[in-house]
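Student: My structure is stored as coords_24.cif, with mmCIF, C-alpha atoms.
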data_model
#
loop_
_atom_site.label_atom_id
_atom_site.label_comp_id
_atom_site.auth_asym_id
_atom_site.auth_seq_id
_atom_site.Cartn_x
_atom_site.Cartn_y
_atom_site.Cartn_z
CA MET A 1 -170.50 52.18 56.21
CA ASN A 2 -172.23 49.81 58.61
CA VAL A 3 -170.20 47.62 60.96
CA THR A 4 -171.55 44.77 63.08
CA GLN A 5 -169.61 42.42 65.32
CA LEU A 6 -170.09 39.04 66.94
CA HIS A 7 -167.77 37.73 69.65
CA VAL A 8 -168.12 34.05 70.57
CA LYS A 9 -166.22 31.26 72.33
CA SER A 10 -166.53 28.59 69.62
CA ALA A 11 -167.39 28.11 65.95
CA ALA A 12 -170.54 26.27 67.03
CA ASP A 13 -171.85 29.62 68.33
CA LEU A 14 -171.66 31.16 64.86
CA ALA A 15 -175.29 30.46 64.05
CA THR A 16 -176.35 32.03 60.76
CA PRO A 17 -179.34 33.97 62.19
CA LEU A 18 -177.09 35.61 64.77
CA LEU A 19 -174.62 36.79 62.14
CA SER A 20 -177.22 38.71 60.10
CA GLY A 21 -175.00 38.30 57.08
CA ASP A 22 -177.33 39.57 54.38
CA GLY A 23 -175.53 42.11 52.24
CA ALA A 24 -172.19 42.04 54.06
CA GLN A 25 -169.38 42.85 51.65
CA PHE A 26 -166.40 42.09 53.86
CA VAL A 27 -165.92 39.95 56.97
CA LEU A 28 -162.85 40.17 59.20
CA VAL A 29 -162.17 37.17 61.46
CA PHE A 30 -159.68 36.80 64.31
CA GLY A 31 -159.41 33.86 66.68
CA ALA A 32 -157.36 31.28 68.51
CA THR A 33 -155.43 28.73 66.47
CA HIS A 34 -157.51 25.71 67.48
CA HIS A 35 -160.67 27.38 66.12
CA PHE A 36 -159.02 27.93 62.73
CA GLU A 37 -157.85 24.32 62.60
CA SER A 38 -161.47 23.14 62.58
CA ALA A 39 -163.32 23.13 59.24
CA GLU A 40 -166.46 24.22 61.10
CA LEU A 41 -165.29 27.83 61.32
CA HIS A 42 -164.92 28.34 57.58
CA ASP A 43 -168.06 26.34 56.77
CA ARG A 44 -170.23 28.44 59.09
CA LEU A 45 -168.76 31.70 57.81
CA ARG A 46 -169.44 30.77 54.19
CA ALA A 47 -172.99 29.74 55.05
CA ALA A 48 -173.63 33.02 56.84
CA TYR A 49 -171.85 35.28 54.33
CA PRO A 50 -172.14 33.56 50.93
CA THR A 51 -171.25 36.65 48.89
CA ALA A 52 -168.81 38.44 51.21
CA ARG A 53 -165.06 38.59 50.94
CA ILE A 54 -163.48 37.03 54.04
CA ALA A 55 -160.06 37.57 55.61
CA GLY A 56 -158.60 36.68 58.97
CA CYS A 57 -155.80 35.08 60.96
CA THR A 58 -154.92 33.35 64.19
CA THR A 59 -153.95 35.45 67.18
CA SER A 60 -152.25 35.70 70.54
CA GLY A 61 -155.41 37.31 71.91
CA GLU A 62 -158.50 38.91 70.41
CA ILE A 63 -159.28 42.62 70.79
CA THR A 64 -162.74 44.19 70.85
CA GLY A 65 -164.19 47.32 72.40
CA ASP A 66 -164.84 45.29 75.56
CA GLY A 67 -161.16 44.47 75.99
CA VAL A 68 -158.93 41.45 75.35
CA THR A 69 -159.90 37.78 75.40
CA ASP A 70 -158.16 34.47 74.66
CA ASP A 71 -159.40 31.37 72.84
CA SER A 72 -162.34 33.18 71.28
CA ILE A 73 -163.50 34.25 67.80
CA THR A 74 -164.42 37.76 66.66
CA VAL A 75 -166.37 38.23 63.45
CA THR A 76 -166.66 41.81 62.19
CA ALA A 77 -168.93 42.30 59.15
CA MET A 78 -168.94 45.45 57.03
CA ASN A 79 -171.36 46.95 54.54
CA PHE A 80 -170.16 49.94 52.52
CA GLU A 81 -172.17 52.53 50.64
CA ASP A 82 -169.58 53.29 47.98
CA THR A 83 -166.49 51.18 48.68
CA ARG A 84 -165.45 47.92 47.01
CA VAL A 85 -163.38 45.21 48.68
CA ARG A 86 -161.17 42.56 47.09
CA THR A 87 -159.00 39.86 48.67
CA GLU A 88 -155.98 38.02 47.33
CA ARG A 89 -153.82 35.26 48.81
CA VAL A 90 -150.16 34.58 48.07
CA ALA A 91 -148.43 31.41 49.27
CA VAL A 92 -144.90 31.64 50.70
CA GLU A 93 -143.16 28.27 50.61
CA ARG A 94 -139.79 29.68 51.72
CA MET A 95 -139.05 32.67 53.91
CA GLU A 96 -136.79 34.01 51.14
CA ASP A 97 -139.92 34.42 48.98
CA SER A 98 -141.40 37.08 51.29
CA LEU A 99 -140.14 40.05 49.25
CA GLN A 100 -141.65 38.74 46.03
CA ALA A 101 -144.87 37.88 47.87
CA GLY A 102 -145.28 41.56 48.74
CA ARG A 103 -144.74 42.54 45.13
CA ASP A 104 -147.21 39.90 43.94
CA LEU A 105 -149.91 41.09 46.33
CA VAL A 106 -149.63 44.65 45.07
CA ALA A 107 -149.67 43.48 41.45
CA ALA A 108 -152.89 41.58 42.13
CA LEU A 109 -154.69 44.26 44.13
CA ASP A 110 -153.47 47.61 42.81
CA ALA A 111 -155.91 49.84 40.95
CA PRO A 112 -156.28 53.61 40.38
CA ASP A 113 -158.89 53.90 43.14
CA LEU A 114 -157.13 51.72 45.75
CA GLN A 115 -157.48 53.59 49.03
CA PHE A 116 -156.10 51.17 51.60
CA LEU A 117 -154.30 47.81 51.72
CA LEU A 118 -154.62 45.49 54.73
CA LEU A 119 -152.11 42.64 55.13
CA LEU A 120 -152.65 39.55 57.29
CA SER A 121 -149.64 37.25 57.14
CA ASP A 122 -148.47 33.94 58.49
CA GLY A 123 -146.51 34.82 61.62
CA LEU A 124 -143.78 32.16 61.49
CA ALA A 125 -143.04 31.36 57.83
CA VAL A 126 -142.83 34.93 56.49
CA ASN A 127 -140.09 37.53 56.88
CA GLY A 128 -142.21 40.53 57.76
CA SER A 129 -139.51 43.07 56.87
CA SER A 130 -139.14 41.64 53.37
CA LEU A 131 -142.91 41.45 52.91
CA VAL A 132 -143.29 45.12 53.79
CA ALA A 133 -140.35 46.08 51.57
CA GLY A 134 -141.95 44.29 48.62
CA VAL A 135 -145.25 46.07 49.16
CA ARG A 136 -143.61 49.45 49.72
CA GLU A 137 -141.53 49.36 46.55
CA SER A 138 -144.51 48.30 44.40
CA LEU A 139 -147.38 50.33 45.83
CA ARG A 140 -148.16 53.77 44.48
CA PRO A 141 -147.00 56.59 46.79
CA GLY A 142 -149.71 57.89 49.06
CA VAL A 143 -151.67 54.63 49.41
CA PRO A 144 -151.62 53.64 53.11
CA PHE A 145 -151.22 50.05 54.21
CA SER A 146 -151.08 48.29 57.55
CA GLY A 147 -151.69 44.90 59.12
CA GLY A 148 -149.92 42.25 61.14
CA LEU A 149 -148.41 38.80 61.45
CA ALA A 150 -150.66 36.06 62.78
CA GLY A 151 -150.08 34.84 66.32
CA ASP A 152 -150.31 31.56 68.21
CA ALA A 153 -150.55 32.71 71.84
CA ASP A 154 -146.98 32.38 73.20
CA ARG A 155 -146.45 28.92 71.70
CA PHE A 156 -144.78 29.90 68.37
CA GLU A 157 -145.87 26.61 66.83
CA ARG A 158 -148.52 27.18 64.14
CA THR A 159 -150.06 30.31 62.64
CA LEU A 160 -152.83 30.38 60.04
CA THR A 161 -154.59 32.79 57.69
CA LEU A 162 -158.13 32.67 56.35
CA ASP A 163 -159.87 33.74 53.15
CA CYS A 164 -162.97 32.78 51.15
CA GLU A 165 -161.32 29.54 50.05
CA GLY A 166 -160.46 28.28 53.50
CA VAL A 167 -157.68 28.20 56.09
CA HIS A 168 -154.04 28.29 54.98
CA THR A 169 -150.50 27.86 56.26
CA LYS A 170 -147.53 29.78 54.86
CA SER A 171 -149.76 32.38 53.22
CA ILE A 172 -150.44 36.10 53.19
CA VAL A 173 -153.95 37.47 52.65
CA GLY A 174 -154.18 40.99 51.24
CA VAL A 175 -157.36 43.07 51.34
CA GLY A 176 -157.81 46.00 49.00
CA PHE A 177 -160.35 48.76 49.71
CA TYR A 178 -161.39 50.85 46.71
CA GLY A 179 -163.32 54.09 46.33
CA THR A 180 -162.87 57.80 46.93
CA ARG A 181 -165.23 58.00 49.91
CA LEU A 182 -163.15 55.77 52.17
CA SER A 183 -161.05 57.65 54.74
CA VAL A 184 -158.16 55.87 56.46
CA SER A 185 -155.60 57.02 59.01
CA THR A 186 -152.88 54.97 60.67
CA GLY A 187 -150.48 55.28 63.59
CA SER A 188 -147.96 53.17 65.52
CA MET A 189 -146.04 53.60 68.76
CA GLY A 190 -144.23 51.39 71.25
CA GLY A 191 -143.27 52.75 74.64
CA TRP A 192 -140.17 50.62 75.25
CA SER A 193 -136.86 51.97 76.57
CA PRO A 194 -133.35 50.68 75.73
CA PHE A 195 -130.97 49.65 78.49
CA GLY A 196 -127.43 48.37 78.74
CA THR A 197 -124.60 49.03 76.32
CA ASP A 198 -124.63 49.17 72.54
CA ARG A 199 -123.74 45.85 70.97
CA LEU A 200 -122.71 45.12 67.38
CA VAL A 201 -124.39 42.51 65.20
CA THR A 202 -121.33 40.75 63.81
CA ARG A 203 -123.02 37.95 61.89
CA ALA A 204 -126.59 37.87 60.58
CA GLU A 205 -128.62 36.79 57.59
CA ALA A 206 -131.90 38.67 57.12
CA ASN A 207 -133.89 38.04 60.32
CA VAL A 208 -131.53 35.39 61.78
CA VAL A 209 -128.77 36.67 64.07
CA PHE A 210 -125.86 34.32 64.66
CA GLU A 211 -123.34 36.52 66.47
CA ILE A 212 -123.39 39.69 68.56
CA ASP A 213 -120.05 41.21 69.52
CA GLY A 214 -118.39 38.13 68.03
CA LYS A 215 -120.19 35.77 70.41
CA ARG A 216 -123.14 33.44 69.91
CA ALA A 217 -126.26 35.58 69.89
CA LEU A 218 -128.15 33.10 72.05
CA ASP A 219 -125.43 33.27 74.70
CA ILE A 220 -125.62 37.07 74.83
CA TYR A 221 -129.40 36.96 75.20
CA SER A 222 -129.28 34.21 77.81
CA THR A 223 -126.85 36.22 79.93
CA TYR A 224 -129.36 39.07 80.20
CA LEU A 225 -132.34 36.79 80.82
CA GLY A 226 -130.71 34.70 83.55
CA ASP A 227 -133.12 32.04 84.84
CA GLU A 228 -135.72 33.13 82.27
CA ALA A 229 -133.46 31.87 79.47
CA LYS A 230 -134.92 28.39 79.92
CA ASN A 231 -138.29 29.78 78.79
CA LEU A 232 -137.04 31.10 75.45
CA PRO A 233 -138.39 32.14 72.99
CA ALA A 234 -141.45 33.25 75.01
CA SER A 235 -139.39 35.02 77.70
CA GLY A 236 -137.51 36.91 74.98
CA LEU A 237 -140.71 38.78 74.20
CA LEU A 238 -140.12 40.81 77.34
CA PHE A 239 -136.70 41.95 76.10
CA PRO A 240 -136.87 42.98 72.43
CA LEU A 241 -133.96 44.44 70.47
CA ALA A 242 -133.79 48.07 69.39
CA LEU A 243 -131.92 48.78 66.16
CA ASP A 244 -129.72 51.86 66.21
CA SER A 245 -131.48 54.62 64.28
CA GLY A 246 -128.25 56.40 63.40
CA THR A 247 -129.50 59.55 65.16
CA PRO A 248 -128.26 60.23 68.71
CA GLY A 249 -131.01 59.92 71.28
CA GLU A 250 -133.44 58.17 68.93
CA THR A 251 -134.42 54.51 68.87
CA GLY A 252 -134.89 52.75 65.56
CA LEU A 253 -137.14 49.83 64.73
CA ILE A 254 -137.82 47.23 67.42
CA ARG A 255 -137.35 43.53 66.78
CA THR A 256 -138.92 40.74 68.82
CA LEU A 257 -137.76 37.16 69.15
CA LEU A 258 -139.61 34.37 67.31
CA ALA A 259 -137.35 31.32 67.64
CA VAL A 260 -134.03 30.07 68.95
CA ASP A 261 -131.65 27.46 67.58
CA HIS A 262 -129.69 26.02 70.48
CA ASP A 263 -127.29 24.09 68.25
CA ALA A 264 -126.39 27.07 66.07
CA GLY A 265 -126.68 29.55 68.93
CA SER A 266 -128.84 31.79 66.71
CA LEU A 267 -131.90 33.95 67.26
CA THR A 268 -134.68 34.40 64.71
CA PHE A 269 -136.56 37.70 64.88
CA ALA A 270 -139.85 38.76 63.30
CA GLY A 271 -138.03 41.28 61.10
CA ASP A 272 -134.57 41.84 59.67
CA VAL A 273 -131.62 42.64 61.95
CA PRO A 274 -128.88 43.78 59.55
CA GLU A 275 -125.30 42.70 60.05
CA GLY A 276 -123.12 45.64 61.15
CA ARG A 277 -125.93 47.45 63.01
CA LYS A 278 -125.73 48.37 66.66
CA VAL A 279 -128.47 47.01 68.91
CA ARG A 280 -129.59 47.39 72.50
CA LEU A 281 -131.96 45.36 74.62
CA MET A 282 -135.20 47.02 75.68
CA HIS A 283 -137.64 46.84 78.55
CA ALA A 284 -140.83 48.62 79.56
CA ASP A 285 -143.28 49.01 82.41
CA PHE A 286 -147.05 49.38 82.59
CA ASP A 287 -147.15 53.16 82.29
CA GLN A 288 -144.80 53.24 79.30
CA LEU A 289 -146.82 50.73 77.30
CA VAL A 290 -150.15 52.42 78.00
CA ALA A 291 -148.60 55.76 77.01
CA GLY A 292 -147.38 54.13 73.80
CA ALA A 293 -150.91 52.97 72.98
CA GLU A 294 -152.20 56.48 73.60
CA GLY A 295 -149.48 57.89 71.35
CA ALA A 296 -150.46 55.53 68.51
CA ALA A 297 -154.05 56.74 68.77
CA ASP A 298 -152.96 60.38 68.79
CA LYS A 299 -151.15 59.84 65.48
CA CYS A 300 -154.43 58.82 63.80
CA LEU A 301 -156.06 62.02 62.64
CA VAL A 302 -159.55 61.44 61.21
CA ASN A 303 -161.94 64.04 59.93
CA GLY A 304 -165.50 63.32 61.01
CA GLY A 305 -164.72 60.34 63.26
CA ALA A 306 -164.11 56.66 62.57
CA GLU A 307 -166.54 53.78 62.16
CA LEU A 308 -164.02 50.95 62.49
CA ALA A 309 -160.86 50.89 64.60
CA LEU A 310 -158.43 48.11 63.73
CA LEU A 311 -155.97 47.52 66.59
CA ILE A 312 -152.95 45.23 66.17
CA SER A 313 -150.61 44.99 69.15
CA CYS A 314 -147.69 42.74 70.00
CA VAL A 315 -147.87 39.57 72.09
CA GLY A 316 -144.85 40.86 74.04
CA ARG A 317 -146.90 43.79 75.29
CA LYS A 318 -149.65 41.39 76.30
CA LEU A 319 -147.27 39.23 78.31
CA LEU A 320 -145.77 42.20 80.11
CA LEU A 321 -149.11 43.86 80.92
CA GLY A 322 -150.60 40.57 82.09
CA SER A 323 -153.90 41.03 83.90
CA ASN A 324 -153.75 44.76 83.12
CA ILE A 325 -153.88 44.16 79.36
CA ASP A 326 -157.28 45.84 78.95
CA PHE A 327 -155.73 49.14 80.01
CA GLU A 328 -153.97 49.70 76.68
CA VAL A 329 -157.18 49.02 74.73
CA ASP A 330 -159.09 51.34 77.08
CA ALA A 331 -156.41 54.00 76.59
CA VAL A 332 -156.94 53.89 72.83
CA GLY A 333 -160.71 54.10 73.32
CA GLU A 334 -160.33 57.25 75.41
CA ARG A 335 -158.37 58.89 72.59
CA ILE A 336 -160.46 57.87 69.57
CA GLY A 337 -163.86 57.87 71.26
CA HIS A 338 -166.19 54.94 71.79
CA GLU A 339 -168.22 55.26 68.61
CA PRO A 340 -166.03 53.05 66.36
CA ILE A 341 -166.43 49.28 66.43
CA VAL A 342 -163.08 47.90 67.64
CA ALA A 343 -161.56 44.77 66.10
CA GLY A 344 -158.02 43.49 66.34
CA PHE A 345 -155.55 41.00 67.70
CA TYR A 346 -152.22 40.43 69.42
CA SER A 347 -149.63 39.54 66.84
CA TYR A 348 -146.09 38.40 66.08
CA GLY A 349 -145.41 41.63 64.18
CA GLU A 350 -147.21 44.84 63.30
CA ILE A 351 -147.24 46.72 60.00
CA GLY A 352 -147.68 50.47 60.11
CA PRO A 353 -146.04 53.89 59.74
CA PHE A 354 -142.75 54.49 61.51
CA ASP A 355 -142.30 57.44 63.85
CA GLY A 356 -144.73 59.76 62.08
CA SER A 357 -142.81 59.52 58.81
CA GLY A 358 -145.69 57.91 56.92
CA VAL A 359 -143.30 55.22 55.69
CA CYS A 360 -144.62 51.77 56.58
CA GLU A 361 -142.32 49.31 58.31
CA LEU A 362 -142.53 45.96 60.07
CA HIS A 363 -142.69 46.72 63.78
CA ASN A 364 -142.49 44.61 66.89
CA GLN A 365 -143.75 45.50 70.33
CA THR A 366 -145.96 48.35 69.10
CA MET A 367 -149.61 49.24 69.16
CA THR A 368 -150.62 49.85 65.52
CA ILE A 369 -153.98 51.42 64.70
CA ALA A 370 -155.95 51.95 61.50
CA LEU A 371 -159.14 54.00 61.61
CA LEU A 372 -161.64 53.61 58.75
CA SER A 373 -164.75 55.54 57.80
CA GLU A 374 -166.79 56.44 54.73
CA ASN A 375 -167.18 60.18 54.18
#
Could you write out this file's structure as structure tokens?
Tutor:
Amino acid sequence: MNVTQLHVKSAADLATPLLSGDGAQFVLVFGATHHFESAELHDRLRAAYPTARIAGCTTSGEITGDGVTDDSITVTAMNFEDTRVRTERVAVERMEDSLQAGRDLVAALDAPDLQFLLLLSDGLAVNGSSLVAGVRESLRPGVPFSGGLAGDADRFERTLTLDCEGVHTKSIVGVGFYGTRLSVSTGSMGGWSPFGTDRLVTRAEANVVFEIDGKRALDIYSTYLGDEAKNLPASGLLFPLALDSGTPGETGLIRTLLAVDHDAGSLTFAGDVPEGRKVRLMHADFDQLVAGAEGAADKCLVNGGAELALLISCVGRKLLLGSNIDFEVDAVGERIGHEPIVAGFYSYGEIGPFDGSGVCELHNQTMTIALLSEN
């Protein structure tokens, strides 16, 4: 497995000679939304990699081994010795179609030698929980999958995905990796702590919460945020919700805010918040988030080292860490070593194993890592 990477500030910098695209089988692309909106990005990629499969999405920040940047483009090209790669795109016209979209992706990409499934999804039009549930119920046991929901900085306006055919809205791109020599390990961890009292979700539909403790959900959230309530939904990223795990002393899945409806008083989260569940608000500091990134890396056990490290972290972590954002990427590098090429992005939702169980879930506010190598 040979991995090369180019990190540029504009599509105009993606000159074909610089990309050295001859023989690349798979190209992974992450970048700011305005780059994806220009036809130049896809045109230059196709010219440089005429035979490669391509997948990518917009971000809330691009991750490489050098740290985190904004408004840039990362192009990571891979050549494998004995691994095949296929891509498939499924359109999602309505958020209610997310479950079936997960099933359809598995139906299109599953095969006896499928070793790993990577999912890159629209970050605003897809219910990430339902997408993951559809994949999980259809995929053969033992096949790992991970990925994330596309970002749009902290604007929450427009997220896009990319494949060989072009740039798409309301779509999910799945990437299947096939062959017995590919080794993959995954891990996820957050680092957030709950605070305040338990509250009951009294009215919700999928990922839209209308009432908490019998009151408008937006009013409850605004009370905690104080003056920061005027900056919703972006300010809500600093105070995600923790679902009750059902086990004393343990926190369940974390849910981050995507949108607010002031008229309805509702909150839309990146994943499902079931009616009847108890929730608590969460917060974190610098040390907790960096420790969470280290913990995610520690969960990735690879024999013989990795050649590619795929890091997908939440935009909420990026906003909280601010100018110290490189510290969580550096912390992962210290754990996994500096040999792997690092590619990734800040997202509106992360897909990975939950709490060491091996069962994949839609996460928010986590660092999720996938390490790939060919034995």
Student: Quick one: apply the PyMOL selection byres ((chain A and resi 69) around 10) to the file and drop the selected residues here as a VMD selection string.
Tutor: chain A and resid 7 9 31 to 32 60 to 64 66 to 68 70 to 74 325 to 326 345
Student: Keeping only C-alpha atoms, write the selected residues to a file as a tab-separated table (two decimals), keeping the file's coordinate frame.
Tutor:
chain	number	residue	atom	x	y	z
A	7	HIS	CA	-167.77	37.73	69.65
A	9	LYS	CA	-166.22	31.26	72.33
A	31	GLY	CA	-159.41	33.86	66.68
A	32	ALA	CA	-157.36	31.28	68.51
A	60	SER	CA	-152.25	35.70	70.54
A	61	GLY	CA	-155.41	37.31	71.91
A	62	GLU	CA	-158.50	38.91	70.41
A	63	ILE	CA	-159.28	42.62	70.79
A	64	THR	CA	-162.74	44.19	70.85
A	66	ASP	CA	-164.84	45.29	75.56
A	67	GLY	CA	-161.16	44.47	75.99
A	68	VAL	CA	-158.93	41.45	75.35
A	70	ASP	CA	-158.16	34.47	74.66
A	71	ASP	CA	-159.40	31.37	72.84
A	72	SER	CA	-162.34	33.18	71.28
A	73	ILE	CA	-163.50	34.25	67.80
A	74	THR	CA	-164.42	37.76	66.66
A	325	ILE	CA	-153.88	44.16	79.36
A	326	ASP	CA	-157.28	45.84	78.95
A	345	PHE	CA	-155.55	41.00	67.70
Student: Could you tell me which residues the PyMOL selection byres ((chain A and resi 23) around 12) returns for this structure, as a ChimeraX atom specification?
Tutor: /A:1-4,19-22,24-27,48-53,77-81
Student: Written as a list of chain:residue names, what is the full residue list that the PyMOL selection byres ((chain A and resi 197) around 12) yields on the file shown?
Tutor: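 Here the PyMOL selection byres ((chain A and resi 197) around 12) matches A:Pro194, A:Phe195, A:Gly196, A:Asp198, A:Arg199, A:Leu200, A:Asp213, A:Tyr224, A:Leu241, A:Ala242, A:Asp244, A:Lys278, A:Val279, A:Arg280, A:Leu281, A:Met282.
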Student: Could you write those residues out with C-alpha atoms, as a PDB file, in the frame of the given file?
Tutor:
ATOM      1  CA  PRO A 194    -133.350  50.680  75.730  1.00  0.00           C
ATOM      2  CA  PHE A 195    -130.970  49.650  78.490  1.00  0.00           C
ATOM      3  CA  GLY A 196    -127.430  48.370  78.740  1.00  0.00           C
ATOM      4  CA  ASP A 198    -124.630  49.170  72.540  1.00  0.00           C
ATOM      5  CA  ARG A 199    -123.740  45.850  70.970  1.00  0.00           C
ATOM      6  CA  LEU A 200    -122.710  45.120  67.380  1.00  0.00           C
ATOM      7  CA  ASP A 213    -120.050  41.210  69.520  1.00  0.00           C
ATOM      8  CA  TYR A 224    -129.360  39.070  80.200  1.00  0.00           C
ATOM      9  CA  LEU A 241    -133.960  44.440  70.470  1.00  0.00           C
ATOM     10  CA  ALA A 242    -133.790  48.070  69.390  1.00  0.00           C
ATOM     11  CA  ASP A 244    -129.720  51.860  66.210  1.00  0.00           C
ATOM     12  CA  LYS A 278    -125.730  48.370  66.660  1.00  0.00           C
ATOM     13  CA  VAL A 279    -128.470  47.010  68.910  1.00  0.00           C
ATOM     14  CA  ARG A 280    -129.590  47.390  72.500  1.00  0.00           C
ATOM     15  CA  LEU A 281    -131.960  45.360  74.620  1.00  0.00           C
ATOM     16  CA  MET A 282    -135.200  47.020  75.680  1.00  0.00           C
TER      17      MET A 282
END
Student: Of the candidates A:Ala297, A:Gly102, A:Tyr178, A:Asp272, which shows the shortest atom-to-atom distance to Gly337 (chain A), using all atoms listed in the file?
Tutor: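 Of the candidates, the smallest distance to Gly337 (chain A) is held by A:Ala297.
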Student: Just how far from CA of Leu321 (chain A) is CA of Asp122 (chain A), in Å to one decimal?
Tutor: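 One can read the CA of Asp122 (chain A) to CA of Leu321 (chain A) distance as 24.5 Å.
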Student: From the list A:Gly271, A:Gly292, A:Gly190, A:Gly174, which residue is nearest Thr161 (chain A) when using all atoms listed in the file?
Tutor: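 Using all atoms listed in the file, Thr161 (chain A) sits closest to A:Gly174.
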Student: Return as AutoDock Vina command-line options the box centre and box size in Å, one decimal, for an axis-aligned box around all listed atoms of region 56-68 of chain A padded by 6 Å per side.
Tutor:
--center_x -158.5 --center_y 40.3 --center_z 67.5 --size_x 24.6 --size_y 26.0 --size_z 29.0
Student: For Gly191 (chain A), please output as an MDAnalysis selection string all residues within 10 Å (counting all atoms listed in the file; exclusion window: fewer than 3 positions along the same chain).
Tutor: chainID A and resid 282:296 317 365:367
Student: Could you jot down the CA of Glu374 (chain A) to CA of Leu118 (chain A) separation for me, Å, one decimal place?
Tutor: 16.4 Å
Student: Kindly give the distance, in Å, that separates CA of Thr268 (chain A) and CA of Ser38 (chain A), rounded to a single decimal.
Tutor: 29.1 Å
Student: Calculated over only C-alpha atoms, which of the candidates A:Leu371, A:Leu99, A:Leu311, A:Leu267 has the smallest distance to Asp330 (chain A)?
Tutor: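 Nearest to Asp330 (chain A): A:Leu311.
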Student: I'd like to know which of A:Ile172, A:Leu149, A:Leu14, A:Leu109 is closest to Val92 (chain A), using all atoms listed in the file.
Tutor: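 Residue with the minimum atom-to-atom distance to Val92 (chain A): A:Ile172.
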Student: So which residues fall inside 12 Å of (-128.4, 40.5, 64.7) if we count only C-alpha atoms? Mind giving them as a PyMOL selection string?
Tutor: chain A and resi 199-218+220-221+240-244+254-257+265-281
Student: Under the rule that all atoms listed in the file are counted, which of A:Arg103, A:His262, A:His338, A:His34 is the nearest residue to Thr59 (chain A)?
Tutor: A:His34
